[in-house]
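The structure under discussion appears below in the form of structure tokens.
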Amino acid sequence: MAAGGERIPGTPRYRHHHLKNPGTEPFIPNFLLKEWIAGSVFLLAFMLWVVFNPVDLGSKANPDDTSFIPVPDWYFLFLYQLLKYFPGDNELFGTILVPMVGALLLLFAPWLDTKKTRHPYKRPLATAGMVLTTFLVIWLTNEAAVQHAAEVAAASGQASPGLPVIPKIEASQIHLVDTSDPGYQLFQNTCANCHGHSGEGGAGPPIYAIGKYWDAKKLYDFIENPVGGMPKKGTLSSDDDVKKVADWLAKQKG
């Protein structure tokens, strides 16, 4: 046994845990080892996912197929879906401004939350931002996949379950009636994102002549409780808005 604080042969010269409040952690091996273990677990899980969920190649590209609807790979679907909420002249916001703000927030994250504690509950700003970002990416990715499937079905002449099949035609050939109706404005702000501004179809099926098949009550019931991937109430904020849109759609006979 050694006396006077002399190092015992065979023991490390520096024991970090002997310090009362070190406040730091050695990069090698402590931090680096934990990062390596976390990365290895993720890589192993990803490899197993690829092995047990193989992705087959699609059919060969056919330039004569005008019904083909291109879509980016799944990891870009959330950005693809984001663009749908910024149509026309607002496209600049979805393509440049929103991604730029997200990138800047990520870049300046170390200066936005400077607390030294690591517990998620004690860092509400960083935790809330991470949870919100994760939720939005997952939700937007799922919305893009669902709406693309509906768009493909509409292009092939099929409609969402429960909806009448309406032929797909060019928007320039469609003449909507009573465009001064409040229901029309609500339609343009919400439903048009999927069904087109003239009801010509897009991510959702064509509905420019839906009033020929369904009355206002049936339309109201369907919008309140839709099927086939359409969001509840068609993203309308109130039952009164749903009624206005249903009443206006019932007037569209094609």
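Residue names in the structure tokens use chain letters A, B, ... in the order shown, residue numbers from 1 in each chain, and ligand numbers from 1 in the order shown.
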Counting only C-alpha atoms, which residues of range 78-119 of chain A sit at most 12 Å from some atom of range 178-191 of chain A, and what is each one's closest atom pair with its distance in Å to one decimal, listed by chain and rising residue number, as a tab-separated table?
```
residue	atom	partner	partner_atom	distance
A:Lys84	CA	A:Thr190	CA	10.9
A:Tyr85	CA	A:Thr190	CA	9.2
A:Phe86	CA	A:Asn189	CA	10.7
A:Pro87	CA	A:Asn189	CA	10.2
```
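You will find CA of Ala109 in chain A at 9.9 Å from CA of Gly129 in chain A.
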Can you tell me which residues surround Leu136 in chain A at a distance of at most 12 Å, considering only C-alpha atoms, apart from same-chain residues fewer than 6 positions away, and format the answer as a PDB file with N, CA and C atoms, in the first residue's frame?
```
ATOM      1  N   LEU A  77     -39.891  13.328 -48.754  1.00  0.00           N
ATOM      2  CA  LEU A  77     -41.336  13.485 -48.875  1.00  0.00           C
ATOM      3  C   LEU A  77     -41.876  14.633 -48.022  1.00  0.00           C
ATOM      4  N   PHE A  78     -41.267  14.874 -46.871  1.00  0.00           N
ATOM      5  CA  PHE A  78     -41.784  15.952 -46.013  1.00  0.00           C
ATOM      6  C   PHE A  78     -41.590  17.316 -46.674  1.00  0.00           C
ATOM      7  N   LEU A  79     -40.477  17.511 -47.397  1.00  0.00           N
ATOM      8  CA  LEU A  79     -40.281  18.762 -48.132  1.00  0.00           C
ATOM      9  C   LEU A  79     -41.220  18.838 -49.334  1.00  0.00           C
ATOM     10  N   GLN A  81     -44.179  17.515 -49.512  1.00  0.00           N
ATOM     11  CA  GLN A  81     -45.502  17.836 -48.999  1.00  0.00           C
ATOM     12  C   GLN A  81     -45.594  19.287 -48.563  1.00  0.00           C
ATOM     13  N   LEU A  82     -44.494  19.810 -48.021  1.00  0.00           N
ATOM     14  CA  LEU A  82     -44.484  21.194 -47.554  1.00  0.00           C
ATOM     15  C   LEU A  82     -44.773  22.159 -48.695  1.00  0.00           C
ATOM     16  N   GLY A 129     -38.478  21.878 -29.290  1.00  0.00           N
ATOM     17  CA  GLY A 129     -38.125  22.043 -30.688  1.00  0.00           C
ATOM     18  C   GLY A 129     -37.855  20.713 -31.375  1.00  0.00           C
ATOM     19  N   MET A 130     -37.156  19.815 -30.678  1.00  0.00           N
ATOM     20  CA  MET A 130     -36.843  18.511 -31.254  1.00  0.00           C
ATOM     21  C   MET A 130     -38.100  17.669 -31.427  1.00  0.00           C
ATOM     22  N   ASN A 142     -45.967  11.127 -43.960  1.00  0.00           N
ATOM     23  CA  ASN A 142     -47.145  10.269 -44.093  1.00  0.00           C
ATOM     24  C   ASN A 142     -48.202  10.913 -44.993  1.00  0.00           C
ATOM     25  N   GLU A 143     -48.435  12.227 -44.814  1.00  0.00           N
ATOM     26  CA  GLU A 143     -49.410  12.926 -45.651  1.00  0.00           C
ATOM     27  C   GLU A 143     -49.024  12.853 -47.121  1.00  0.00           C
ATOM     28  N   ALA A 144     -47.739  13.018 -47.417  1.00  0.00           N
ATOM     29  CA  ALA A 144     -47.285  12.959 -48.803  1.00  0.00           C
ATOM     30  C   ALA A 144     -47.509  11.580 -49.401  1.00  0.00           C
TER      31      ALA A 144
END
```
Q | CA of Asn225 in chain A to CA of Ala149 in chain A, distance in Å rounded to a single decimal | A |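 Distance between the two atoms: 19.5 Å.
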Q) Which distance in Å separates CA of Leu219 in chain A and CA of Gln173 in chain A, to one decimal? A) 23.4 Å
Surrounding residues of Lys212 in chain A excluding itself and chain neighbours under 3 positions, 12 Å, only C-alpha atoms, as a PDB file with C-alpha atoms, in the first residue's frame:
```pdb
ATOM      1  CA  PRO A 164     -68.213   8.932 -57.263  1.00  0.00           C
ATOM      2  CA  VAL A 165     -65.804   8.596 -60.182  1.00  0.00           C
ATOM      3  CA  ILE A 166     -65.586  11.867 -62.111  1.00  0.00           C
ATOM      4  CA  ILE A 207     -64.765  16.915 -57.733  1.00  0.00           C
ATOM      5  CA  TYR A 208     -65.664  19.679 -60.200  1.00  0.00           C
ATOM      6  CA  ALA A 209     -69.019  17.981 -60.903  1.00  0.00           C
ATOM      7  CA  ASP A 215     -76.489  16.673 -52.515  1.00  0.00           C
ATOM      8  CA  ALA A 216     -75.302  19.092 -49.821  1.00  0.00           C
ATOM      9  CA  LYS A 218     -74.290  13.822 -48.312  1.00  0.00           C
ATOM     10  CA  LEU A 219     -71.319  16.068 -49.011  1.00  0.00           C
ATOM     11  CA  LEU A 249     -69.974  21.990 -53.926  1.00  0.00           C
ATOM     12  CA  ALA A 250     -73.575  20.824 -54.316  1.00  0.00           C
ATOM     13  CA  LYS A 251     -74.034  23.570 -56.915  1.00  0.00           C
ATOM     14  CA  GLN A 252     -71.216  22.251 -59.088  1.00  0.00           C
ATOM     15  CA  LYS A 253     -72.880  20.071 -61.720  1.00  0.00           C
ATOM     16  CA  GLY A 254     -70.035  20.085 -64.250  1.00  0.00           C
TER      17      GLY A 254
END
```
